[in-house]
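Scroll down for the structure; my scribbles are underneath it.
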Amino acid sequence: MTDLTQRLPTLNALVVFEAAYRLRNFTHAADEMRLSQASVSRRIRELEQDLGVRLFERRRYDVVPTMEGETFAKTVRLSLNELATAADDLRSRG
């Protein structure tokens, strides 16, 4: 498991990224996640530093995913949805 913890971004960073990607706005993502806009911006910046690529082009009132951001979002969304489905399945058994 240690290898995964070193290779993977935090789940929190991935969830923040997914919200920012879907909403195309760090402020709206912050509102949805009950965080400050600065916190969302910082987590995205840290994720970008970890991955070594820019995930968003920042504009005055919104953000636009880069090509790398679009590609990463597809995998993140699929993975998060699969985790949510597996968790729902386990909950329904309990």
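In the structure tokens, chains take the letters A, B, ... in the order shown, each chain's residues start at 1, and ligands count up from 1 in the order shown.
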
Quick one: everything within 8 Å of Val15 (chain A), counting only C-alpha atoms, minus sequence neighbours fewer than 4 positions away in the same chain. Send it as a ChimeraX atom specification.
-> /A:11,19,80

Quick one: residues within 10 Å of Arg58 (chain A), only C-alpha atoms counted, chain neighbours fewer than 4 positions away excluded, as a list in words?
-> Arg24, Asn25, Phe26, Arg54, Asp62, Val63, Val64, Pro65 and Thr66 of chain A

Shortest contact to Thr27 (chain A), candidates A:Ser92, A:Ser79, A:Ser41, A:Gln6, atoms counted only C-alpha atoms, goes to A:Ser41

From the list A:Ala20, A:Ala13, A:Leu4, A:Leu90, which residue is nearest Gln49 (chain A) when using only C-alpha atoms?
->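 Ranked by minimum distance to Gln49 (chain A), first place goes to A:Ala13.
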
Would you give me, as a PyMOL selection string, the residues in chain A that DSSP reads as strand (DSSP E or B)?
-> chain A and resi 56-58+63-65

Could you write those residues out with C-alpha atoms, as a short mmCIF file (atom, residue, chain, number, x, y, z; two decimals), in the first residue's frame?
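Result file follows (out.cif):
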data_model
loop_
_atom_site.label_atom_id
_atom_site.label_comp_id
_atom_site.auth_asym_id
_atom_site.auth_seq_id
_atom_site.Cartn_x
_atom_site.Cartn_y
_atom_site.Cartn_z
CA PHE A 56 -6.45 24.55 -15.65
CA GLU A 57 -6.01 27.81 -17.45
CA ARG A 58 -7.05 30.46 -14.97
CA VAL A 63 -11.14 28.22 -15.25
CA VAL A 64 -10.75 26.18 -18.41
CA PRO A 65 -9.22 22.70 -18.28
#

Skip Asp50 (chain A) itself and residues of its chain fewer than 6 positions away, then list as a list of chain:residue names all residues within 12 Å of it, counting only C-alpha atoms.
-> A:Gln6, A:Arg7, A:Leu8, A:Pro9, A:Thr10, A:Ala13, A:Leu14, A:Arg43, A:Ile44

If you run DSSP over the backbone, which residues in chain A end up helix (DSSP H, G or I)? Put them as a PyMOL selection string.
-> chain A and resi 2-7+11-23+26-33+37-51+67-93

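Among the candidate residues A:Tyr61, A:Thr71, A:Thr85, A:Ser36, the one lying nearest to Leu23 (chain A) is A:Tyr61, with distances computed using only C-alpha atoms.
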
Using only C-alpha atoms, which residue out of A:Glu82, A:Asp31, A:Asp3, A:Val16 lies closest to Arg45 (chain A)?
->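 Using only C-alpha atoms, the shortest distance to Arg45 (chain A) belongs to A:Val16.
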